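Listing of my_file-v2.pdb; format and content: PDB, C-alpha atoms.
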ATOM      1  CA  MET W  81     163.544  66.004  63.154  1.00  0.00           C
ATOM      2  CA  ASP W  82     163.145  62.581  64.776  1.00  0.00           C
ATOM      3  CA  LEU W  83     160.568  62.502  67.545  1.00  0.00           C
ATOM      4  CA  SER W  84     160.405  58.774  68.236  1.00  0.00           C
ATOM      5  CA  CYS W  85     161.105  57.463  71.723  1.00  0.00           C
ATOM      6  CA  ASP W  86     160.555  54.335  73.767  1.00  0.00           C
ATOM      7  CA  GLY W  87     160.146  56.067  77.106  1.00  0.00           C
ATOM      8  CA  ALA W  88     159.900  59.566  78.541  1.00  0.00           C
ATOM      9  CA  PHE W  89     159.854  61.255  81.934  1.00  0.00           C
ATOM     10  CA  VAL W  90     159.593  64.568  83.753  1.00  0.00           C
ATOM     11  CA  VAL W  91     161.550  65.224  86.944  1.00  0.00           C
ATOM     12  CA  ARG W  92     161.345  68.331  89.149  1.00  0.00           C
ATOM     13  CA  ILE W  93     164.574  69.440  90.830  1.00  0.00           C
ATOM     14  CA  GLU W  94     164.155  71.912  93.670  1.00  0.00           C
ATOM     15  CA  ALA W  95     166.672  74.664  94.439  1.00  0.00           C
ATOM     16  CA  ASP W  96     167.981  72.597  97.379  1.00  0.00           C
ATOM     17  CA  GLY W  97     168.834  69.697  95.019  1.00  0.00           C
ATOM     18  CA  THR W  98     166.007  67.396  96.032  1.00  0.00           C
ATOM     19  CA  TRP W  99     164.111  65.883  93.135  1.00  0.00           C
ATOM     20  CA  GLU W 100     160.795  64.251  92.481  1.00  0.00           C
ATOM     21  CA  ARG W 101     159.630  62.224  89.519  1.00  0.00           C
ATOM     22  CA  GLU W 102     156.489  63.947  88.214  1.00  0.00           C
ATOM     23  CA  TRP W 103     155.646  61.746  85.265  1.00  0.00           C
ATOM     24  CA  ILE W 104     157.013  58.693  83.534  1.00  0.00           C
ATOM     25  CA  GLY W 105     155.693  56.760  80.593  1.00  0.00           C
ATOM     26  CA  GLY W 106     156.578  54.195  78.013  1.00  0.00           C
ATOM     27  CA  GLU W 107     158.676  51.098  78.135  1.00  0.00           C
ATOM     28  CA  VAL W 108     162.252  50.449  79.072  1.00  0.00           C
ATOM     29  CA  PRO W 109     164.302  50.668  75.910  1.00  0.00           C
ATOM     30  CA  THR W 110     165.732  47.165  75.397  1.00  0.00           C
ATOM     31  CA  ARG W 111     162.992  45.475  77.463  1.00  0.00           C
ATOM     32  CA  PRO W 112     159.612  45.690  75.716  1.00  0.00           C
ATOM     33  CA  GLY W 113     156.760  45.117  78.096  1.00  0.00           C
ATOM     34  CA  VAL W 114     158.664  46.439  81.123  1.00  0.00           C
ATOM     35  CA  ALA W 115     157.383  49.857  82.162  1.00  0.00           C
ATOM     36  CA  LEU W 116     159.930  52.552  82.959  1.00  0.00           C
ATOM     37  CA  ASP W 117     158.104  53.048  86.223  1.00  0.00           C
ATOM     38  CA  ASP W 118     159.142  49.507  87.238  1.00  0.00           C
ATOM     39  CA  LEU W 119     162.815  50.546  87.438  1.00  0.00           C
ATOM     40  CA  ASP W 120     164.400  52.091  90.505  1.00  0.00           C
ATOM     41  CA  PHE W 121     165.314  55.592  89.321  1.00  0.00           C
ATOM     42  CA  ASP W 122     167.152  56.313  92.570  1.00  0.00           C
ATOM     43  CA  SER W 123     169.819  53.896  91.361  1.00  0.00           C
ATOM     44  CA  TRP W 124     169.579  54.616  87.613  1.00  0.00           C
ATOM     45  CA  ASP W 125     173.351  54.985  87.320  1.00  0.00           C
ATOM     46  CA  SER W 126     173.754  51.315  88.296  1.00  0.00           C
ATOM     47  CA  TYR W 127     172.047  50.374  84.994  1.00  0.00           C
ATOM     48  CA  ILE W 128     174.534  52.391  82.926  1.00  0.00           C
ATOM     49  CA  PHE W 129     177.366  50.323  81.485  1.00  0.00           C
ATOM     50  CA  GLU W 130     180.364  50.976  83.722  1.00  0.00           C
ATOM     51  CA  GLU W 131     182.598  52.367  80.952  1.00  0.00           C
ATOM     52  CA  ASP W 132     179.878  54.898  80.032  1.00  0.00           C
ATOM     53  CA  ARG W 133     179.024  56.196  83.524  1.00  0.00           C
ATOM     54  CA  GLN W 134     181.364  59.194  83.573  1.00  0.00           C
ATOM     55  CA  ALA W 135     180.333  60.202  80.057  1.00  0.00           C
ATOM     56  CA  SER W 136     176.703  59.955  81.191  1.00  0.00           C
ATOM     57  CA  ILE W 137     177.416  62.297  84.116  1.00  0.00           C
ATOM     58  CA  ASP W 138     179.114  64.659  81.654  1.00  0.00           C
ATOM     59  CA  HIS W 139     175.980  64.475  79.459  1.00  0.00           C
ATOM     60  CA  PHE W 140     173.804  65.463  82.406  1.00  0.00           C
ATOM     61  CA  ASN W 141     176.114  68.379  83.257  1.00  0.00           C
ATOM     62  CA  ARG W 142     176.180  69.545  79.610  1.00  0.00           C
ATOM     63  CA  ALA W 143     172.390  69.468  79.588  1.00  0.00           C
ATOM     64  CA  ILE W 144     172.332  71.624  82.724  1.00  0.00           C
ATOM     65  CA  ALA W 145     174.787  74.131  81.222  1.00  0.00           C
ATOM     66  CA  ARG W 146     173.208  74.268  77.748  1.00  0.00           C
ATOM     67  CA  GLY W 147     169.604  73.618  78.697  1.00  0.00           C
ATOM     68  CA  LYS W 148     169.547  70.479  76.544  1.00  0.00           C
ATOM     69  CA  ASP W 149     171.723  67.659  75.271  1.00  0.00           C
ATOM     70  CA  ARG W 150     171.635  64.284  73.478  1.00  0.00           C
ATOM     71  CA  PHE W 151     173.891  61.370  74.259  1.00  0.00           C
ATOM     72  CA  GLU W 152     174.312  57.731  73.242  1.00  0.00           C
ATOM     73  CA  TYR W 153     175.384  55.212  75.854  1.00  0.00           C
ATOM     74  CA  ARG W 154     175.006  51.606  76.899  1.00  0.00           C
ATOM     75  CA  LEU W 155     172.637  50.162  79.479  1.00  0.00           C
ATOM     76  CA  GLU W 156     173.071  46.836  81.188  1.00  0.00           C
ATOM     77  CA  LEU W 157     169.693  45.687  82.443  1.00  0.00           C
ATOM     78  CA  PRO W 158     168.844  42.312  83.951  1.00  0.00           C
ATOM     79  CA  ASP W 159     167.808  39.789  81.287  1.00  0.00           C
ATOM     80  CA  ALA W 160     168.635  42.216  78.440  1.00  0.00           C
ATOM     81  CA  GLY W 161     172.422  42.248  78.182  1.00  0.00           C
ATOM     82  CA  VAL W 162     174.266  45.348  77.022  1.00  0.00           C
ATOM     83  CA  ARG W 163     172.145  47.588  74.806  1.00  0.00           C
ATOM     84  CA  TRP W 164     172.691  51.024  73.237  1.00  0.00           C
ATOM     85  CA  VAL W 165     170.246  53.871  73.940  1.00  0.00           C
ATOM     86  CA  GLU W 166     170.004  57.537  73.085  1.00  0.00           C
ATOM     87  CA  SER W 167     168.968  59.952  75.799  1.00  0.00           C
ATOM     88  CA  ALA W 168     167.717  63.480  75.171  1.00  0.00           C
ATOM     89  CA  LEU W 169     167.354  65.892  78.084  1.00  0.00           C
ATOM     90  CA  ARG W 170     165.922  69.394  78.298  1.00  0.00           C
ATOM     91  CA  PHE W 171     166.148  71.526  81.427  1.00  0.00           C
ATOM     92  CA  VAL W 172     163.561  74.273  81.922  1.00  0.00           C
ATOM     93  CA  ASP W 173     163.795  76.803  84.774  1.00  0.00           C
ATOM     94  CA  GLU W 174     160.567  77.726  86.514  1.00  0.00           C
ATOM     95  CA  ALA W 175     159.462  81.249  85.590  1.00  0.00           C
ATOM     96  CA  ASP W 176     158.793  82.153  89.235  1.00  0.00           C
ATOM     97  CA  GLY W 177     162.514  82.484  90.045  1.00  0.00           C
ATOM     98  CA  SER W 178     162.331  79.792  92.725  1.00  0.00           C
ATOM     99  CA  GLY W 179     165.334  77.909  91.362  1.00  0.00           C
ATOM    100  CA  THR W 180     163.166  74.914  90.560  1.00  0.00           C
ATOM    101  CA  VAL W 181     164.028  73.158  87.302  1.00  0.00           C
ATOM    102  CA  ARG W 182     162.032  70.616  85.342  1.00  0.00           C
ATOM    103  CA  VAL W 183     163.932  67.981  83.411  1.00  0.00           C
ATOM    104  CA  TYR W 184     162.163  66.549  80.388  1.00  0.00           C
ATOM    105  CA  GLY W 185     163.784  63.368  79.144  1.00  0.00           C
ATOM    106  CA  ALA W 186     163.274  60.786  76.440  1.00  0.00           C
ATOM    107  CA  MET W 187     165.109  57.585  75.538  1.00  0.00           C
ATOM    108  CA  ARG W 188     165.112  55.229  72.607  1.00  0.00           C
ATOM    109  CA  GLU W 189     166.979  52.053  71.823  1.00  0.00           C
ATOM    110  CA  LEU W 190     169.737  52.177  69.210  1.00  0.00           C
ATOM    111  CA  THR W 191     171.251  48.697  69.475  1.00  0.00           C
ATOM    112  CA  ASP W 192     170.203  47.526  66.002  1.00  0.00           C
ATOM    113  CA  ARG W 193     171.334  50.775  64.385  1.00  0.00           C
ATOM    114  CA  ARG W 194     174.712  50.614  66.138  1.00  0.00           C
ATOM    115  CA  ALA W 195     175.187  46.983  65.025  1.00  0.00           C
ATOM    116  CA  THR W 196     174.385  47.946  61.418  1.00  0.00           C
ATOM    117  CA  GLU W 197     176.834  50.866  61.554  1.00  0.00           C
ATOM    118  CA  GLU W 198     179.570  48.599  62.931  1.00  0.00           C
ATOM    119  CA  ALA W 199     178.945  45.998  60.223  1.00  0.00           C
ATOM    120  CA  LEU W 200     179.145  48.727  57.568  1.00  0.00           C
ATOM    121  CA  ARG W 201     182.446  50.033  58.992  1.00  0.00           C
ATOM    122  CA  LYS W 202     183.890  46.517  58.966  1.00  0.00           C
ATOM    123  CA  SER W 203     182.780  45.883  55.378  1.00  0.00           C
ATOM    124  CA  GLU W 204     184.239  49.222  54.211  1.00  0.00           C
ATOM    125  CA  SER W 205     187.611  48.490  55.818  1.00  0.00           C
ATOM    126  CA  GLN W 206     188.000  45.175  53.956  1.00  0.00           C
TER
END
Encoding of this model in structure tokens:
Amino acid sequence: MDLSCDGAFVVRIEADGTWEREWIGGEVPTRPGVALDDLDFDSWDSYIFEEDRQASIDHFNRAIARGKDRFEYRLELPDAGVRWVESALRFVDEADGSGTVRVYGAMRELTDRRATEEALRKSESQ
């Protein structure tokens, strides 16, 4: 089991759909030294590479349905270019039956690994 991550967060989603960030820590994958808390999470989808946005929404919906999910996608952050990350989400319903859900999330950068995998595929096809 791999437990490494660059950044993590906890978000509370109320039954009415409103949400509040409860905790956030770590750095932005792809931008060492930039705290996750420095990003505008209300517009997080604007950082997702355009071709990956729908798949990212699908990831979120799978996590809701299954209670958890992992997904690899690209981010496009200022001064960082396009970078690959892995996101893991876990949804936990409050035991009080209120309909409140906590989302526990973690992200890590995969750009170097993806580049190595692509180079290996190219070398194997020659």
Non-local contacts of Thr98 (chain W) (10 Å; all atoms listed in the file; under 5 positions in same chain excluded) as an MDAnalysis selection string: chainID W and resid 92:93 180
Keeping only C-alpha atoms, write those residues as a PDB file, keeping the file's coordinate frame.
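Below is the file that was written, part07.pdb:
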ATOM      1  CA  ARG W  92     161.345  68.331  89.149  1.00  0.00           C
ATOM      2  CA  ILE W  93     164.574  69.440  90.830  1.00  0.00           C
ATOM      3  CA  THR W 180     163.166  74.914  90.560  1.00  0.00           C
TER       4      THR W 180
END
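Once the PyMOL selection byres ((chain W and resi 140) around 10) is applied to the shown structure, the selection contains W:Gln134, W:Ala135, W:Ser136, W:Ile137, W:Asp138, W:His139, W:Asn141, W:Arg142, W:Ala143, W:Ile144, W:Ala145, W:Arg146, W:Gly147, W:Lys148, W:Asp149, W:Arg150, W:Phe151, W:Ser167, W:Ala168, W:Leu169, W:Arg170, W:Phe171.
As for CA of Phe89 (chain W) and CA of Trp103 (chain W), they are spaced 5.4 Å apart.
Going from CA of Glu156 (chain W) to CA of Gly185 (chain W) covers 19.1 Å.
Note that the spacing between CA of Asp86 (chain W) and CA of Lys202 (chain W) amounts to 28.7 Å.
Using all atoms listed in the file, the shortest contact distance between Val172 (chain W) and any of W:Val90, W:Glu102, W:Ala160, W:Ala186 is found at W:Val90.
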On this structure, which residues satisfy the PyMOL selection byres ((chain W and resi 191) around 7), written as a count of residues only? 9
Skip Ser178 (chain W) itself and residues of its chain fewer than 2 positions away, then list as a list in words all residues within 12 Å of it, counting all atoms listed in the file. Ile93, Glu94, Ala95, Asp96, Asp173, Glu174, Ala175, Asp176, Thr180, Val181 and Arg182 of chain W
Can those selected residues be exported to a file as a compact mmCIF listing (two decimals), in the frame of the given file so that it contains C-alpha atoms?
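Output file part23.txt follows:
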# COMPACT_ATOMS: atom_id res chain seq x y z
CA ILE W 93 164.57 69.44 90.83
CA GLU W 94 164.16 71.91 93.67
CA ALA W 95 166.67 74.66 94.44
CA ASP W 96 167.98 72.60 97.38
CA ASP W 173 163.79 76.80 84.77
CA GLU W 174 160.57 77.73 86.51
CA ALA W 175 159.46 81.25 85.59
CA ASP W 176 158.79 82.15 89.24
CA THR W 180 163.17 74.91 90.56
CA VAL W 181 164.03 73.16 87.30
CA ARG W 182 162.03 70.62 85.34
Around all listed atoms of region 168-179 of chain W, padded 5 Å per side, what centre and edge lengths does the axis-aligned box have in Å to one decimal, as AutoDock Vina command-line options?
--center_x 163.3 --center_y 73.0 --center_z 83.9 --size_x 18.9 --size_y 29.0 --size_z 27.6
Of the listed residues W:Gly179, W:Trp124, W:Arg201, W:Tyr184, that which approaches Leu155 (chain W) most closely, counting all atoms listed in the file: W:Trp124
